[in-house]
Amino acid sequence: MASEPKKLWGGRFSGATDPLMEAFNESIHFDRRMYAADIQGSQAYARELSRQGILTAEEQATLDRGLLAVKEEWATGVFELKPGDEDIHTANERRLGELVGSVAGKLHTGRSRNDQVATDMRLWLTEEVHKTVRFLRDLVSALVHRADTDIDALMPGYTHLQRAQPIRWSHLLLSYAFWFQQDAMRLEQFLPRVSQLPLGSGALAGNPFQVDRHALARELGFSSVAPNSLYGTSDRDFVAEFLFHCSMVMLHISRLAEDLIIYSSAEFGFVQLADAYSTGSSLMPQKKNPDSLELLRGKCGRVFGAMSGFMMTYKGLPSTYNKDMQEDKEPMFDAVDTLSGSLQITTAVIATLKIRTNRMRESLTGDMLATDLAEYLVRKGVPFRLTHHISGAAVKMAEDRGCQISDLSVSDLKILHESFEDDVLGVWDFEKSVDNRCSVGGTSRKTVLAQIEQLKQWLA
C-alpha cells in the first residue's frame, strides 16, 4: 500500500491525519492564486542561500530552473494537485522535488511557512493595490470626461432628498471623482506599509544563516524590511487596513449607485442606463431594472463583512503565528475580486449612461431660488438673518396663493421689505444662480471647469 505523502511538518508525528481534518486544514483551493508570488520569493531566497554558501551555484541554478518549470505549469493550467498539497507552499515544494530531486529539500533552510506566507501575501497584495489604483484612475477619468461633456446640464441639488438649490450635473459627478481620487491616494499611501519584507524572520525568532534581508528586499522590490521577526511573521495589519480601504471605495461606489438608482427611476428620469447594464422583469415587460447599480450597492455590504469578520478573527490572537491566520486570505482575495469588478462596472455605467437634460430642467422650481432671494437683499445691505426670514415669508406667501415664489410681483415682495426693487426679477434665473456660486469648489461654470482641470492634472 502506498505510504501517505510526507508533510512538511510531519517528522514529529506517527499517526495518520483524519481525512476530515485534512480537508479542514488545507487552503490550496484558495491560496493557489499566489503561486507566482510564492515562486518569486523562493527564487530570491535560493539566490541568497547561494550567496551564504548554503547552496552551490549549480544547486541554485537547478532550483531556479525547477521553480520556473513549476510556475509555467501553473500558468498553463497543467499543474496537477495531489493529496497532501495542503497549501500553495507545500504544493510548489512537492512538485519542485519531483522535478529536481533531493536538492529541493535545501530550499526551506532557515525558512518557515510563517515568513514565507507573509512574504507571498505582501508580494501578491502589492501588485493588486497597483491594479486597484489603476481602476480608480480609470473611473475618475470617466467621471471627468462626463463632467466636461455635460457641463451645460443643470439639475436640482438635494439635501435630505428634498430639492435644495440648482447645481450643475457635472458638479455632482466631480464630487464622486474627488472621493475616488482620495481613495486612490490612500491606497498609494498604504503601499509602503504593505511593502515590508518578512522573509528571513523564520518561524518567529529569526534566521540563523546570516541571510541578507536588505538584499532580499531589494531583489523582491520591497520598500523596507520588517524590523522585528515576531512582528514580521504575525503582522496582518496590512490585511485589515487594505480591507478598510476597500470598504471605503465600495462605500463611495454604493453612494454613487444609490444616486443613480434614484435618478434613473420614472419619478426622476434624469438618467437612463445603457441596456448592457440593465435587466428586465420575468413578469412585467415594461421594466428596465438598474441591476448593475443594485449589485454594486449590495456588494458594498459584502466587503464590509469581510473587513469586520477578519477583525474579529485577528483581535484575540496571542503573539506570532497562529493557524487562525489562515482566515486572512479569503477576505483579502474576495475583497480584491469584488472591488476590481465593481470599479470596472461603475466605470462602464458612467461612460455609457444617457442624461435627460429636459427632465433635469423641468425639475428646477422657483422655490429653489429662495436663498438667492435672501442674498439679493444681502447685497442691498440687509443682514442675512433678517433676509432669511423675509425670503421664508415670500415662500409662505407663494404657498398660500398656490403659486411659485417666482410668480410673486415686485409689489408683493415690497410688502415684505422696502429694499426690493424691479431688478429683483433677475433673481429668477437658474443659470445666474448657479454661476453666482463661484468660490473655489462651487457649482459655477468657471469653478467646475477648474475642478475638471485639477483632476486632469492629477490623471496626467
# chains A, B, ... in the order shown; residues from 1 in each chain; ligands from 1

call {"tool": "residues_around", "arguments": {"residues": "A:Leu191", "least_positions_apart": "6", "cutoff": "10 Å", "atoms": "only C-alpha atoms", "output": "list in words"}}
result
Arg122, Leu125, Thr126, Glu127, Val129, His130, Phe222, Ser223, Phe238 and Phe242 of chain A

call {"tool": "residues_around", "arguments": {"residues": "A:Glu431", "least_positions_apart": "5", "cutoff": "12 Å", "atoms": "only C-alpha atoms", "output": "ChimeraX atom specification"}}
result
/A:151-155,165-168,361,364,369,372,426,436-437,443-445

call {"tool": "atom_distance", "arguments": {"atom1": "atom CA of A:Gly110", "atom2": "atom CA of A:Ala46"}}
result
11.1 Å

call {"tool": "closest_residue", "arguments": {"among": "A:Leu373, A:Val140, A:Val239, A:Ile28", "to": "A:Asp328", "atoms": "only C-alpha atoms"}}
result
A:Val239

call {"tool": "atom_distance", "arguments": {"atom1": "atom CA of A:Gln182", "atom2": "atom CA of A:His160"}}
result
24.6 Å

call {"tool": "closest_residue", "arguments": {"among": "A:Trp428, A:Tyr45, A:Trp179, A:Trp458", "to": "A:Ile405", "atoms": "only C-alpha atoms"}}
result
A:Trp428

call {"tool": "residues_around", "arguments": {"residues": "stretch 416-420 of chain A", "least_positions_apart": "4", "cutoff": "10 Å", "atoms": "only C-alpha atoms", "output": "ChimeraX atom specification"}}
result
/A:373,376-378,380-382,387,389-391,393-394,397,410-412,424-425

call {"tool": "residues_around", "arguments": {"residues": "A:Leu251", "least_positions_apart": "2", "cutoff": "9 Å", "atoms": "only C-alpha atoms", "output": "PyMOL selection string"}}
result
chain A and resi 246-249+253-256+297+300-301+304

call {"tool": "residues_around", "arguments": {"residues": "A:Asn92", "least_positions_apart": "6", "cutoff": "10 Å", "atoms": "only C-alpha atoms", "output": "list of chain:residue names"}}
result
A:Arg32, A:Tyr35, A:Asp38, A:Ile39, A:Ser42, A:Gly66, A:Leu67, A:Val70, A:Lys71, A:Trp74, A:Phe79, A:Leu81, A:Asp85, A:Glu98

call {"tool": "closest_residue", "arguments": {"among": "A:His388, A:His171, A:Arg146, A:Lys82", "to": "A:Lys446", "atoms": "only C-alpha atoms"}}
result
A:His171

call {"tool": "closest_residue", "arguments": {"among": "A:Leu413, A:Met121, A:Ala348, A:Ala142", "to": "A:Ala274", "atoms": "only C-alpha atoms"}}
result
A:Ala348

call {"tool": "atom_distance", "arguments": {"atom1": "atom CA of A:Leu296", "atom2": "atom CA of A:Gln189"}}
result
25.5 Å

call {"tool": "select_by_dssp", "arguments": {"residues": "stretch 430-459 of chain A", "states": "alpha helix (DSSP H)", "output": "list in words"}}
result
Phe430, Glu431, Lys432, Ser433, Val434, Asp435, Asn436, Arg445, Lys446, Thr447, Val448, Leu449, Ala450, Gln451, Ile452, Glu453, Gln454, Leu455, Lys456, Gln457, Trp458 and Leu459 of chain A

call {"tool": "write_last_selection", "arguments": {"atoms": "N, CA and C atoms", "output": "mmCIF file, in the first residue's frame"}}
result
data_model
loop_
_atom_site.group_PDB
_atom_site.id
_atom_site.type_symbol
_atom_site.label_atom_id
_atom_site.label_comp_id
_atom_site.auth_asym_id
_atom_site.auth_seq_id
_atom_site.Cartn_x
_atom_site.Cartn_y
_atom_site.Cartn_z
ATOM 1 N N PHE A 430 -32.005 80.435 -13.271
ATOM 2 C CA PHE A 430 -31.234 79.297 -12.740
ATOM 3 C C PHE A 430 -29.763 79.350 -13.157
ATOM 4 N N GLU A 431 -29.507 79.741 -14.386
ATOM 5 C CA GLU A 431 -28.115 79.851 -14.843
ATOM 6 C C GLU A 431 -27.359 80.872 -13.995
ATOM 7 N N LYS A 432 -27.994 81.995 -13.750
ATOM 8 C CA LYS A 432 -27.354 83.036 -12.945
ATOM 9 C C LYS A 432 -27.112 82.540 -11.518
ATOM 10 N N SER A 433 -28.090 81.838 -10.986
ATOM 11 C CA SER A 433 -27.958 81.311 -9.626
ATOM 12 C C SER A 433 -26.758 80.386 -9.523
ATOM 13 N N VAL A 434 -26.641 79.479 -10.504
ATOM 14 C CA VAL A 434 -25.538 78.516 -10.487
ATOM 15 C C VAL A 434 -24.201 79.239 -10.640
ATOM 16 N N ASP A 435 -24.145 80.203 -11.547
ATOM 17 C CA ASP A 435 -22.866 80.872 -11.790
ATOM 18 C C ASP A 435 -22.498 81.871 -10.709
ATOM 19 N N ASN A 436 -23.445 82.215 -9.845
ATOM 20 C CA ASN A 436 -23.103 83.036 -8.670
ATOM 21 C C ASN A 436 -22.289 82.244 -7.651
ATOM 22 N N ARG A 445 -19.876 77.586 -13.731
ATOM 23 C CA ARG A 445 -19.131 77.025 -14.862
ATOM 24 C C ARG A 445 -17.625 77.185 -14.640
ATOM 25 N N LYS A 446 -17.214 78.369 -14.231
ATOM 26 C CA LYS A 446 -15.789 78.656 -14.050
ATOM 27 C C LYS A 446 -15.163 77.710 -13.024
ATOM 28 N N THR A 447 -15.830 77.522 -11.893
ATOM 29 C CA THR A 447 -15.245 76.701 -10.832
ATOM 30 C C THR A 447 -15.321 75.208 -11.157
ATOM 31 N N VAL A 448 -16.371 74.805 -11.859
ATOM 32 C CA VAL A 448 -16.450 73.403 -12.278
ATOM 33 C C VAL A 448 -15.346 73.091 -13.287
ATOM 34 N N LEU A 449 -15.111 74.001 -14.219
ATOM 35 C CA LEU A 449 -14.025 73.804 -15.173
ATOM 36 C C LEU A 449 -12.672 73.738 -14.461
ATOM 37 N N ALA A 450 -12.519 74.538 -13.400
ATOM 38 C CA ALA A 450 -11.276 74.494 -12.618
ATOM 39 C C ALA A 450 -11.117 73.138 -11.932
ATOM 40 N N GLN A 451 -12.231 72.581 -11.435
ATOM 41 C CA GLN A 451 -12.171 71.256 -10.806
ATOM 42 C C GLN A 451 -11.803 70.184 -11.831
ATOM 43 N N ILE A 452 -12.376 70.314 -13.022
ATOM 44 C CA ILE A 452 -12.049 69.368 -14.094
ATOM 45 C C ILE A 452 -10.561 69.429 -14.415
ATOM 46 N N GLU A 453 -10.030 70.644 -14.521
ATOM 47 C CA GLU A 453 -8.613 70.811 -14.832
ATOM 48 C C GLU A 453 -7.734 70.256 -13.713
ATOM 49 N N GLN A 454 -8.162 70.449 -12.481
ATOM 50 C CA GLN A 454 -7.399 69.921 -11.341
ATOM 51 C C GLN A 454 -7.288 68.399 -11.413
ATOM 52 N N LEU A 455 -8.393 67.754 -11.733
ATOM 53 C CA LEU A 455 -8.385 66.289 -11.824
ATOM 54 C C LEU A 455 -7.629 65.811 -13.053
ATOM 55 N N LYS A 456 -7.728 66.545 -14.139
ATOM 56 C CA LYS A 456 -6.973 66.166 -15.341
ATOM 57 C C LYS A 456 -5.472 66.208 -15.067
ATOM 58 N N GLN A 457 -5.041 67.196 -14.319
ATOM 59 C CA GLN A 457 -3.623 67.285 -13.981
ATOM 60 C C GLN A 457 -3.198 66.111 -13.101
ATOM 61 N N TRP A 458 -4.072 65.711 -12.189
ATOM 62 C CA TRP A 458 -3.756 64.551 -11.338
ATOM 63 C C TRP A 458 -3.675 63.277 -12.177
ATOM 64 N N LEU A 459 -4.553 63.166 -13.178
ATOM 65 C CA LEU A 459 -4.587 61.971 -14.016
ATOM 66 C C LEU A 459 -3.419 61.907 -14.988
#

call {"tool": "decode", "arguments": {"residues": "stretch 235-269 of chain A", "atoms": "N, CA and C atoms", "output": "short mmCIF file (atom, residue, chain, number, x, y, z; two decimals), in the first residue's frame"}}
result
data_model
loop_
_atom_site.label_atom_id
_atom_site.label_comp_id
_atom_site.auth_asym_id
_atom_site.auth_seq_id
_atom_site.Cartn_x
_atom_site.Cartn_y
_atom_site.Cartn_z
N ASP A 235 2.29 39.87 11.72
CA ASP A 235 1.54 41.09 11.38
C ASP A 235 0.57 40.83 10.24
N ARG A 236 -0.67 41.19 10.46
CA ARG A 236 -1.68 41.19 9.41
C ARG A 236 -2.44 42.52 9.41
N ASP A 237 -1.83 43.53 10.00
CA ASP A 237 -2.45 44.85 9.95
C ASP A 237 -2.66 45.29 8.51
N PHE A 238 -1.73 44.89 7.65
CA PHE A 238 -1.84 45.31 6.25
C PHE A 238 -3.10 44.73 5.60
N VAL A 239 -3.52 43.54 6.03
CA VAL A 239 -4.76 42.97 5.52
C VAL A 239 -5.96 43.77 6.04
N ALA A 240 -5.93 44.05 7.33
CA ALA A 240 -7.04 44.82 7.92
C ALA A 240 -7.14 46.20 7.28
N GLU A 241 -6.00 46.84 7.10
CA GLU A 241 -6.02 48.18 6.51
C GLU A 241 -6.49 48.14 5.05
N PHE A 242 -6.04 47.14 4.32
CA PHE A 242 -6.49 47.00 2.94
C PHE A 242 -8.00 46.81 2.88
N LEU A 243 -8.53 45.96 3.77
CA LEU A 243 -9.98 45.74 3.77
C LEU A 243 -10.73 47.01 4.13
N PHE A 244 -10.14 47.84 4.99
CA PHE A 244 -10.76 49.14 5.28
C PHE A 244 -10.78 50.01 4.03
N HIS A 245 -9.65 50.08 3.33
CA HIS A 245 -9.60 50.90 2.13
C HIS A 245 -10.59 50.40 1.08
N CYS A 246 -10.69 49.09 0.94
CA CYS A 246 -11.69 48.52 0.02
C CYS A 246 -13.10 48.91 0.44
N SER A 247 -13.34 48.89 1.74
CA SER A 247 -14.67 49.25 2.25
C SER A 247 -14.99 50.70 1.93
N MET A 248 -14.00 51.58 2.05
CA MET A 248 -14.24 53.00 1.74
C MET A 248 -14.55 53.19 0.26
N VAL A 249 -13.80 52.50 -0.60
CA VAL A 249 -14.09 52.62 -2.04
C VAL A 249 -15.50 52.11 -2.33
N MET A 250 -15.84 50.96 -1.76
CA MET A 250 -17.17 50.40 -2.00
C MET A 250 -18.26 51.28 -1.43
N LEU A 251 -17.98 51.93 -0.31
CA LEU A 251 -18.95 52.88 0.25
C LEU A 251 -19.24 53.99 -0.76
N HIS A 252 -18.19 54.52 -1.38
CA HIS A 252 -18.38 55.59 -2.35
C HIS A 252 -19.08 55.09 -3.61
N ILE A 253 -18.75 53.86 -4.03
CA ILE A 253 -19.46 53.27 -5.16
C ILE A 253 -20.93 53.10 -4.82
N SER A 254 -21.20 52.64 -3.61
CA SER A 254 -22.59 52.41 -3.20
C SER A 254 -23.39 53.70 -3.18
N ARG A 255 -22.78 54.77 -2.70
CA ARG A 255 -23.49 56.06 -2.66
C ARG A 255 -23.76 56.57 -4.08
N LEU A 256 -22.78 56.43 -4.96
CA LEU A 256 -22.99 56.83 -6.35
C LEU A 256 -24.09 55.98 -6.98
N ALA A 257 -24.05 54.67 -6.71
CA ALA A 257 -25.09 53.79 -7.24
C ALA A 257 -26.47 54.20 -6.74
N GLU A 258 -26.56 54.54 -5.47
CA GLU A 258 -27.85 54.96 -4.91
C GLU A 258 -28.38 56.21 -5.59
N ASP A 259 -27.51 57.19 -5.80
CA ASP A 259 -27.93 58.40 -6.51
C ASP A 259 -28.45 58.06 -7.90
N LEU A 260 -27.72 57.22 -8.62
CA LEU A 260 -28.11 56.90 -9.99
C LEU A 260 -29.37 56.03 -10.03
N ILE A 261 -29.55 55.18 -9.05
CA ILE A 261 -30.79 54.39 -8.97
C ILE A 261 -31.98 55.34 -8.82
N ILE A 262 -31.85 56.29 -7.93
CA ILE A 262 -32.94 57.26 -7.71
C ILE A 262 -33.17 58.08 -8.98
N TYR A 263 -32.09 58.59 -9.56
CA TYR A 263 -32.22 59.48 -10.72
C TYR A 263 -32.67 58.74 -11.97
N SER A 264 -32.54 57.41 -12.01
CA SER A 264 -32.99 56.65 -13.17
C SER A 264 -34.44 56.21 -13.04
N SER A 265 -35.05 56.40 -11.86
CA SER A 265 -36.44 55.98 -11.66
C SER A 265 -37.38 56.87 -12.47
N ALA A 266 -38.57 56.36 -12.75
CA ALA A 266 -39.56 57.13 -13.52
C ALA A 266 -39.93 58.42 -12.81
N GLU A 267 -39.86 58.40 -11.48
CA GLU A 267 -40.23 59.60 -10.71
C GLU A 267 -39.24 60.74 -10.93
N PHE A 268 -38.00 60.41 -11.24
CA PHE A 268 -36.99 61.44 -11.52
C PHE A 268 -36.70 61.50 -13.03
N GLY A 269 -36.24 60.39 -13.58
CA GLY A 269 -35.99 60.33 -15.02
C GLY A 269 -34.83 61.17 -15.50
#
